[in-house]
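Here's query-v2.cif, which has mmCIF, C-alpha atoms:
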```
data_my_file
loop_
_atom_site.label_atom_id
_atom_site.label_comp_id
_atom_site.auth_asym_id
_atom_site.auth_seq_id
_atom_site.Cartn_x
_atom_site.Cartn_y
_atom_site.Cartn_z
CA MET A 247 -35.39 -11.47 -86.43
CA LEU A 248 -33.29 -14.57 -87.02
CA THR A 249 -29.78 -13.87 -88.34
CA HIS A 250 -27.46 -16.31 -90.05
CA PRO A 251 -23.69 -15.74 -89.84
CA GLY A 252 -23.31 -16.11 -93.58
CA GLY A 253 -25.66 -13.24 -94.36
CA SER A 254 -28.81 -13.47 -96.50
CA LEU A 255 -29.05 -16.86 -98.18
CA GLY A 256 -29.99 -17.30 -101.84
CA SER A 257 -30.94 -13.71 -102.57
CA ASP A 258 -29.28 -13.69 -106.08
CA ARG A 259 -29.19 -17.42 -106.77
CA PRO A 260 -31.28 -19.15 -109.46
CA ASP A 261 -33.80 -21.63 -108.15
CA VAL A 262 -31.92 -24.84 -108.99
CA ARG A 263 -34.32 -27.68 -108.31
CA LEU A 264 -33.71 -30.64 -106.05
CA GLY A 265 -35.66 -33.84 -105.84
CA HIS A 266 -39.35 -33.34 -104.93
CA ASP A 267 -39.18 -30.06 -106.85
CA VAL A 268 -37.78 -27.95 -103.92
CA PRO A 269 -35.62 -24.95 -104.92
CA VAL A 270 -32.03 -25.06 -103.59
CA SER A 271 -32.31 -21.52 -102.19
CA ARG A 272 -35.42 -22.43 -100.22
CA ALA A 273 -33.88 -25.68 -99.01
CA LEU A 274 -30.86 -23.80 -97.67
CA ARG A 275 -33.06 -21.27 -95.93
CA LEU A 276 -35.09 -24.04 -94.29
CA ALA A 277 -31.92 -25.82 -93.21
CA GLY A 278 -30.56 -22.62 -91.66
CA LEU A 279 -33.87 -22.03 -89.88
CA ALA A 280 -33.77 -25.54 -88.45
CA VAL A 281 -30.29 -24.93 -87.05
CA LEU A 282 -31.32 -21.61 -85.49
CA VAL A 283 -34.45 -23.07 -83.95
CA THR A 284 -32.38 -25.89 -82.45
CA LEU A 285 -29.34 -23.95 -81.28
CA GLY A 286 -30.62 -20.40 -81.01
CA PRO A 287 -29.15 -17.35 -82.76
CA LEU A 288 -25.43 -17.58 -83.37
CA VAL A 289 -24.92 -13.88 -82.56
CA PRO A 290 -26.37 -11.92 -79.62
CA THR A 291 -29.87 -10.61 -80.20
CA ALA A 292 -30.58 -6.90 -79.87
CA SER A 293 -32.42 -7.49 -76.58
CA ALA A 294 -29.47 -9.46 -75.18
CA GLN A 295 -27.10 -6.65 -76.12
CA ILE A 296 -29.37 -4.10 -74.44
CA SER A 297 -29.60 -6.27 -71.31
CA ARG A 298 -25.83 -6.53 -71.09
CA ARG A 299 -25.46 -2.76 -71.47
CA GLU A 300 -27.99 -2.28 -68.68
CA ASP A 301 -26.21 -4.84 -66.50
CA ILE A 302 -22.90 -3.02 -67.02
CA ALA A 303 -24.51 0.34 -66.24
CA ALA A 304 -26.16 -0.97 -63.04
CA THR A 305 -22.87 -2.53 -61.96
CA HIS A 306 -21.05 0.76 -62.48
CA VAL A 307 -23.57 2.61 -60.32
CA TYR A 308 -23.34 -0.02 -57.58
CA LEU A 309 -19.54 0.04 -57.47
CA VAL A 310 -19.33 3.86 -57.52
CA VAL A 311 -21.82 4.17 -54.65
CA LEU A 312 -20.06 1.39 -52.72
CA HIS A 313 -16.77 3.25 -53.16
CA ARG A 314 -18.31 6.46 -51.84
CA GLN A 315 -19.63 4.61 -48.79
CA TRP A 316 -16.15 3.27 -48.12
CA LEU A 317 -14.64 6.76 -48.38
CA GLU A 318 -17.22 8.09 -45.91
CA THR A 319 -16.86 5.30 -43.34
CA ARG A 320 -13.27 4.06 -43.52
CA ASP A 321 -12.13 6.44 -40.74
CA LYS A 322 -15.06 5.77 -38.40
CA LEU A 323 -13.75 2.64 -36.68
CA ALA A 324 -12.78 4.65 -33.60
CA ALA A 325 -16.21 6.29 -33.53
CA ASP A 326 -17.88 2.85 -33.83
CA GLU A 327 -15.86 1.60 -30.88
CA ALA A 328 -16.65 4.66 -28.78
CA ALA A 329 -20.38 4.42 -29.52
CA VAL A 330 -20.61 0.75 -28.60
CA LYS A 331 -18.94 1.41 -25.24
CA THR A 332 -21.66 3.82 -24.05
CA LEU A 333 -24.34 1.32 -22.98
CA ALA A 334 -22.87 -0.16 -19.79
CA PRO A 335 -21.87 3.26 -18.37
CA ALA A 336 -25.42 4.49 -19.03
CA ILE A 337 -26.96 1.49 -17.25
CA ARG A 338 -24.88 1.56 -14.04
CA PRO A 339 -26.19 4.85 -12.54
CA THR A 340 -29.75 4.34 -13.79
CA CYS A 341 -30.63 0.70 -13.16
CA GLY A 342 -27.40 -0.97 -12.09
CA ALA A 343 -27.83 -4.37 -10.39
CA LEU A 344 -31.60 -4.13 -10.87
CA LEU A 345 -31.79 -7.74 -12.03
CA ALA A 346 -29.39 -9.19 -9.46
CA GLY A 347 -30.53 -12.67 -8.47
CA ALA A 348 -32.94 -13.01 -11.40
CA PRO A 349 -33.67 -16.61 -12.40
CA ASP A 350 -32.72 -17.78 -15.89
CA THR A 351 -36.22 -17.58 -17.36
CA ALA A 352 -37.11 -17.23 -21.04
CA SER A 353 -38.02 -13.60 -20.40
CA VAL A 354 -34.63 -12.87 -18.85
CA ARG A 355 -32.98 -14.45 -21.89
CA GLN A 356 -35.08 -12.17 -24.09
CA LEU A 357 -33.73 -9.15 -22.24
CA ARG A 358 -30.18 -10.40 -22.74
CA ASN A 359 -30.84 -10.69 -26.46
CA GLU A 360 -32.29 -7.18 -26.41
CA VAL A 361 -29.07 -5.89 -24.82
CA TYR A 362 -26.96 -7.61 -27.46
CA SER A 363 -29.04 -6.22 -30.35
CA ALA A 364 -29.05 -2.75 -28.80
CA THR A 365 -25.26 -2.89 -28.50
CA ALA A 366 -24.94 -3.90 -32.15
CA LEU A 367 -27.24 -1.04 -33.11
CA LEU A 368 -25.06 1.45 -31.22
CA SER A 369 -22.00 0.28 -33.16
CA GLU A 370 -23.67 1.22 -36.43
CA GLN A 371 -24.74 4.74 -35.50
CA PRO A 372 -21.60 6.62 -36.67
CA GLU A 373 -21.95 5.07 -40.13
CA ARG A 374 -25.74 5.38 -40.30
CA PRO A 375 -25.99 8.40 -42.69
CA ALA A 376 -23.57 6.83 -45.18
CA THR A 377 -25.36 3.50 -44.91
CA ILE A 378 -28.71 5.09 -45.68
CA ARG A 379 -27.33 6.97 -48.70
CA PHE A 380 -25.78 3.79 -50.08
CA ALA A 381 -28.89 1.67 -49.58
CA GLN A 382 -31.28 4.24 -51.04
CA ARG A 383 -29.13 4.60 -54.15
CA VAL A 384 -28.72 0.90 -54.93
CA ARG A 385 -32.01 -0.60 -53.70
CA HIS A 386 -33.77 -0.23 -57.06
CA LEU A 387 -30.94 -1.34 -59.34
CA ARG A 388 -31.84 -4.26 -61.57
CA TRP A 389 -29.85 -6.86 -63.48
CA SER A 390 -30.91 -9.48 -66.00
CA ARG A 391 -29.65 -12.10 -63.55
CA ARG A 392 -32.38 -12.37 -60.95
CA LYS A 393 -30.13 -13.81 -58.25
CA LEU A 394 -27.93 -10.71 -58.40
CA THR A 395 -30.92 -8.37 -58.17
CA TYR A 396 -32.31 -10.40 -55.26
CA HIS A 397 -29.11 -10.22 -53.23
CA ALA A 398 -28.24 -6.59 -54.01
CA ASP A 399 -31.77 -5.32 -53.40
CA GLY A 400 -32.28 -7.50 -50.32
CA SER A 401 -28.99 -6.33 -48.83
CA ALA A 402 -29.97 -2.68 -49.37
CA GLU A 403 -33.39 -3.27 -47.81
CA GLU A 404 -31.75 -4.86 -44.77
CA GLU A 405 -29.37 -1.91 -44.44
CA LEU A 406 -32.29 0.54 -44.50
CA ALA A 407 -34.39 -1.51 -42.11
CA ASN A 408 -31.54 -1.71 -39.61
CA ALA A 409 -30.88 2.01 -39.94
CA GLU A 410 -34.52 2.68 -39.07
CA LEU A 411 -34.42 0.66 -35.84
CA THR A 412 -34.84 2.68 -32.65
CA ALA A 413 -32.65 1.81 -29.69
CA PRO A 414 -34.71 0.44 -26.79
CA ASP A 415 -34.78 1.79 -23.24
CA ILE A 416 -32.98 -1.08 -21.52
CA CYS A 417 -33.56 0.21 -18.00
CA ALA A 418 -37.29 0.70 -18.54
CA ASP A 419 -37.59 -2.81 -19.95
CA ALA A 420 -35.55 -4.24 -17.05
CA ARG A 421 -37.87 -2.53 -14.54
CA THR A 422 -40.93 -4.03 -16.25
CA LEU A 423 -39.33 -7.47 -16.16
CA ALA A 424 -38.43 -7.17 -12.47
CA SER A 425 -41.91 -5.89 -11.56
CA ASN A 426 -43.62 -9.06 -12.81
CA GLY A 427 -41.24 -11.46 -11.15
CA PHE A 428 -39.14 -12.05 -14.29
CA GLN A 429 -41.99 -13.98 -15.92
CA HIS A 430 -42.87 -11.69 -18.83
CA ALA A 431 -40.64 -9.57 -21.01
CA ALA A 432 -41.72 -5.98 -21.52
CA PRO A 433 -43.86 -5.54 -24.66
CA SER A 434 -41.23 -3.11 -25.96
CA THR A 435 -38.60 -5.86 -25.64
CA THR A 436 -40.68 -8.20 -27.77
CA ARG A 437 -41.39 -5.50 -30.34
CA PHE A 438 -37.72 -4.57 -30.62
CA LEU A 439 -36.55 -8.18 -31.06
CA ARG A 440 -39.20 -8.79 -33.71
CA ALA A 441 -38.15 -5.65 -35.55
CA VAL A 442 -34.51 -6.76 -35.46
CA GLU A 443 -35.41 -10.19 -36.82
CA ALA A 444 -37.54 -8.68 -39.60
CA ALA A 445 -34.80 -6.22 -40.55
CA ASN A 446 -32.29 -9.03 -40.97
CA SER A 447 -34.50 -11.53 -42.79
CA LYS A 448 -34.95 -9.84 -46.16
CA VAL A 449 -32.38 -11.93 -48.01
CA THR A 450 -31.16 -15.48 -47.55
CA ILE A 451 -27.77 -16.89 -48.49
CA GLU A 452 -27.75 -20.61 -49.07
CA ASN A 453 -25.92 -22.59 -46.39
CA VAL A 454 -24.58 -19.47 -44.64
CA PRO A 455 -25.54 -18.59 -41.04
CA PRO A 456 -27.08 -15.12 -40.67
CA GLU A 457 -24.24 -13.84 -38.47
CA THR A 458 -21.67 -14.09 -41.31
CA THR A 459 -22.86 -10.86 -42.91
CA PRO A 460 -19.69 -10.23 -44.99
CA GLU A 461 -20.56 -13.32 -47.03
CA LEU A 462 -23.50 -11.42 -48.52
CA GLN A 463 -21.31 -8.58 -49.79
CA LYS A 464 -18.77 -11.10 -51.10
CA LYS A 465 -21.53 -12.91 -52.97
CA ILE A 466 -22.81 -9.68 -54.52
CA LEU A 467 -19.32 -8.68 -55.67
CA ARG A 468 -18.79 -12.15 -57.14
CA LEU A 469 -22.08 -11.92 -59.06
CA LEU A 470 -21.14 -8.45 -60.32
CA ARG A 471 -17.81 -9.64 -61.73
CA PRO A 472 -19.04 -10.58 -65.24
CA TYR A 473 -20.27 -7.00 -65.73
CA GLU A 474 -17.27 -5.15 -64.30
CA GLN A 475 -15.11 -3.07 -66.60
CA ARG A 476 -11.33 -3.06 -66.22
CA ASN A 477 -11.21 0.46 -64.84
CA GLU A 478 -13.75 -0.37 -62.12
CA ARG A 479 -11.66 -2.83 -60.09
CA GLY A 480 -10.21 0.08 -58.12
CA LEU A 481 -13.69 1.00 -56.89
CA ILE A 482 -13.99 -2.15 -54.78
CA PRO A 483 -13.10 -1.39 -51.15
CA PRO A 484 -9.89 -3.09 -50.03
CA PRO A 485 -9.48 -5.23 -46.91
CA PRO A 486 -9.95 -4.84 -44.02
CA TRP A 487 -12.96 -2.58 -44.75
CA SER A 488 -14.90 -5.44 -46.32
CA SER A 489 -13.10 -8.41 -44.81
CA GLU A 490 -14.10 -11.16 -42.43
CA GLN A 491 -11.36 -9.93 -40.09
CA ARG A 492 -13.07 -6.60 -39.54
CA ALA A 493 -16.43 -8.34 -39.08
CA ALA A 494 -14.94 -10.73 -36.53
CA GLU A 495 -13.30 -7.87 -34.61
CA ASN A 496 -16.57 -5.93 -34.63
CA ALA A 497 -18.53 -8.96 -33.42
CA GLU A 498 -16.01 -9.49 -30.61
CA LEU A 499 -16.33 -5.85 -29.57
CA ILE A 500 -20.14 -6.01 -29.58
CA TYR A 501 -20.19 -9.26 -27.62
CA GLY A 502 -17.78 -7.91 -25.02
CA GLN A 503 -19.68 -4.66 -24.53
CA ALA A 504 -23.03 -6.45 -24.39
CA ARG A 505 -21.59 -8.66 -21.69
CA GLU A 506 -20.51 -5.55 -19.75
CA ALA A 507 -24.04 -4.15 -20.00
CA ILE A 508 -25.63 -7.42 -18.90
CA LEU A 509 -23.31 -7.63 -15.90
CA ALA A 510 -24.16 -4.01 -15.08
CA LEU A 511 -27.82 -5.04 -14.83
CA GLY A 512 -26.85 -7.59 -12.18
CA LEU A 513 -27.07 -10.69 -14.34
CA THR A 514 -24.03 -12.79 -13.60
CA GLU A 515 -24.34 -15.33 -16.41
CA ILE A 516 -24.40 -14.52 -20.09
CA GLY A 517 -24.64 -18.14 -21.25
CA ASN A 518 -25.57 -18.77 -24.88
CA SER A 519 -28.77 -16.75 -24.83
CA ILE A 520 -27.24 -13.87 -26.79
CA LEU A 521 -26.56 -16.13 -29.72
CA ASN A 522 -29.95 -17.88 -29.70
#
```

How does the structure come out when it is put into structure tokens?
Amino acid sequence: MLTHPGGSLGSDRPDVRLGHDVPVSRALRLAGLAVLVTLGPLVPTASAQISRREDIAATHVYLVVLHRQWLETRDKLAADEAAVKTLAPAIRPTCGALLAGAPDTASVRQLRNEVYSATALLSEQPERPATIRFAQRVRHLRWSRRKLTYHADGSAEEELANAELTAPDICADARTLASNGFQHAAPSTTRFLRAVEAANSKVTIENVPPETTPELQKKILRLLRPYEQRNERGLIPPPPWSSEQRAAENAELIYGQAREAILALGLTEIGNSILN
């Protein structure tokens, strides 16, 4: 229904005639209709008001669940660090130096990438239950702005997919690689790397490399801002929980521990293969 800001036009007015025998009341109605058709309604439609209420409600749910995740994980940094430091000590007594002298083949580089991804997966294990709860709760939220829905839902799907990854058996895969003269990566290595790539390819941020994960959360929070209520600002986790600094420190820890694991296997060069 089209609404004019001045209310109903001409409802009690006599039909004063204009040229061409057109009543004034009808002429005013037609003029108002022309303006509305050209510019759109001058007040929000009922559907727009409903959409905004739904956007505000979805935003509230997202921020509340995000806050709960922060409360559950903010004290787990020490546990993350401890978990990520378990790979190299596990490799040394089981398959230490197994790949000593291995040539720098594509298959060896695949194993290095497998070690890096497995190390990153270990770092996420202490927070895994909270991550799953968060992702399951927000994955089906919808907003009238499609870009916001795309990023929020895609981020949740990535969180769940990463939480479902199974850590590979690095020593078993290293033995397979050594047994064929370092020419072919173990099938389980290939499967794991493909699963990692699929888990982290569910949402794309324009002009942002995939390793800068905090940018995705920053983008979501920026898109949520028009629907935030004043009393909800306190729900947003403070730095360093959601900052680039924490992400950089975590990446440095993962890289360092992956390097330790690769050296434990007997590979003396880490090169750039981990980042490729």

If you take all atoms listed in the file and a cut-off of 7 Å, which residues of stretch 398-457 of chain A touch stretch 385-392 of chain A, and what are their nearest atom pairs and distances in Å to one decimal, in chain and number order, as a tab-separated table?
```
residue	atom	partner	partner_atom	distance
A:Asp399	CA	A:Arg385	CA	4.7
A:Ala402	CA	A:Arg385	CA	5.2
A:Glu403	CA	A:Arg385	CA	6.6
```

- For this file, the PyMOL selection byres ((chain A and resi 413) around 10) selects which residues, as a VMD selection string? chain A and resid 360 to 361 363 to 368 410 to 412 414 to 416 438

- Applied to this file, what does the PyMOL selection byres ((chain A and resi 467-471) around 12) return in terms of residues, put as a ChimeraX atom specification? /A:298,301-309,312,388-398,460-466,472-476,478-479,481-483,488

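We find atom CA of A:Gln382 and atom CA of A:Tyr501 to be spaced 29.2 Å apart.
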
- Report as a ChimeraX atom specification the full result of the PyMOL selection byres ((chain A and resi 423) around 10) when it is applied to this structure. /A:344-345,348,353-354,357,417-422,424-433,435

Could you take the residues named above and write them with C-alpha atoms, as a PDB file, in the coordinates of the input?
```
ATOM      1  CA  LEU A 344     -31.600  -4.130 -10.870  1.00  0.00           C
ATOM      2  CA  LEU A 345     -31.790  -7.740 -12.030  1.00  0.00           C
ATOM      3  CA  ALA A 348     -32.940 -13.010 -11.400  1.00  0.00           C
ATOM      4  CA  SER A 353     -38.020 -13.600 -20.400  1.00  0.00           C
ATOM      5  CA  VAL A 354     -34.630 -12.870 -18.850  1.00  0.00           C
ATOM      6  CA  LEU A 357     -33.730  -9.150 -22.240  1.00  0.00           C
ATOM      7  CA  CYS A 417     -33.560   0.210 -18.000  1.00  0.00           C
ATOM      8  CA  ALA A 418     -37.290   0.700 -18.540  1.00  0.00           C
ATOM      9  CA  ASP A 419     -37.590  -2.810 -19.950  1.00  0.00           C
ATOM     10  CA  ALA A 420     -35.550  -4.240 -17.050  1.00  0.00           C
ATOM     11  CA  ARG A 421     -37.870  -2.530 -14.540  1.00  0.00           C
ATOM     12  CA  THR A 422     -40.930  -4.030 -16.250  1.00  0.00           C
ATOM     13  CA  ALA A 424     -38.430  -7.170 -12.470  1.00  0.00           C
ATOM     14  CA  SER A 425     -41.910  -5.890 -11.560  1.00  0.00           C
ATOM     15  CA  ASN A 426     -43.620  -9.060 -12.810  1.00  0.00           C
ATOM     16  CA  GLY A 427     -41.240 -11.460 -11.150  1.00  0.00           C
ATOM     17  CA  PHE A 428     -39.140 -12.050 -14.290  1.00  0.00           C
ATOM     18  CA  GLN A 429     -41.990 -13.980 -15.920  1.00  0.00           C
ATOM     19  CA  HIS A 430     -42.870 -11.690 -18.830  1.00  0.00           C
ATOM     20  CA  ALA A 431     -40.640  -9.570 -21.010  1.00  0.00           C
ATOM     21  CA  ALA A 432     -41.720  -5.980 -21.520  1.00  0.00           C
ATOM     22  CA  PRO A 433     -43.860  -5.540 -24.660  1.00  0.00           C
ATOM     23  CA  THR A 435     -38.600  -5.860 -25.640  1.00  0.00           C
TER      24      THR A 435
END
```

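Between A:Leu499 and the candidates A:Ala381, A:Val330, A:Ala407, A:Val311, the tightest atom-to-atom separation, counting all atoms listed in the file, involves A:Val330.
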
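We find atom CA of A:Asn477 and atom CA of A:Arg299 to be spaced 16.0 Å apart.
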
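When all atoms listed in the file are used to measure the gap to A:Ala497, the shortest distance among A:Leu333, A:Ser401, A:Tyr362, A:Thr319 belongs to A:Tyr362.
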
- Atom pair atom CA of A:Gln503 / atom CA of A:Arg440: separation (Å): 22.0 Å

- Message: Taking (-13.5, 3.4, -31.2) as a centre in this file's frame and 12 Å as the limit, can you find every polymer residue with an atom that close, using only C-alpha atoms, and give them as a PyMOL selection string?
- Response: chain A and resi 321-332+368-370+372+495-496+499-500

- Task: Kindly indicate which residue among A:Glu498, A:Asn359, A:Gln315, A:Gln371 lies nearest to A:Glu443, using only C-alpha atoms for the distances.
- Result: A:Asn359

Around the point (-31.2, -20.3, -12.0) (coordinates from the file), which residues reach within 12 Å if we count only C-alpha atoms? Answer as a PDB file with C-alpha atoms, in the frame of the given file.
```pdb
ATOM      1  CA  ALA A 346     -29.390  -9.190  -9.460  1.00  0.00           C
ATOM      2  CA  GLY A 347     -30.530 -12.670  -8.470  1.00  0.00           C
ATOM      3  CA  ALA A 348     -32.940 -13.010 -11.400  1.00  0.00           C
ATOM      4  CA  PRO A 349     -33.670 -16.610 -12.400  1.00  0.00           C
ATOM      5  CA  ASP A 350     -32.720 -17.780 -15.890  1.00  0.00           C
ATOM      6  CA  THR A 351     -36.220 -17.580 -17.360  1.00  0.00           C
ATOM      7  CA  ALA A 352     -37.110 -17.230 -21.040  1.00  0.00           C
ATOM      8  CA  VAL A 354     -34.630 -12.870 -18.850  1.00  0.00           C
ATOM      9  CA  ARG A 355     -32.980 -14.450 -21.890  1.00  0.00           C
ATOM     10  CA  PHE A 428     -39.140 -12.050 -14.290  1.00  0.00           C
ATOM     11  CA  LEU A 513     -27.070 -10.690 -14.340  1.00  0.00           C
ATOM     12  CA  THR A 514     -24.030 -12.790 -13.600  1.00  0.00           C
ATOM     13  CA  GLU A 515     -24.340 -15.330 -16.410  1.00  0.00           C
ATOM     14  CA  GLY A 517     -24.640 -18.140 -21.250  1.00  0.00           C
TER      15      GLY A 517
END
```

Centre and edges of the stretch 426-434 of chain A box, axis-aligned, 3 Å extra per side, as lines of an AutoDock Vina configuration file:
```
center_x = -41.5
center_y = -8.5
center_z = -18.6
size_x = 10.7
size_y = 16.9
size_z = 20.8
```

- Which residue out of A:Gln491, A:Asn408, A:Gln356, A:Ser447 has the minimum interatomic distance to A:Pro375 when all atoms listed in the file are used? A:Asn408

- Task: Choose the residue, out of A:Lys448, A:Arg383, A:Val442, A:Arg374, that has the smallest atom-to-atom separation from A:Ala409; count only C-alpha atoms.
- Result: A:Arg374
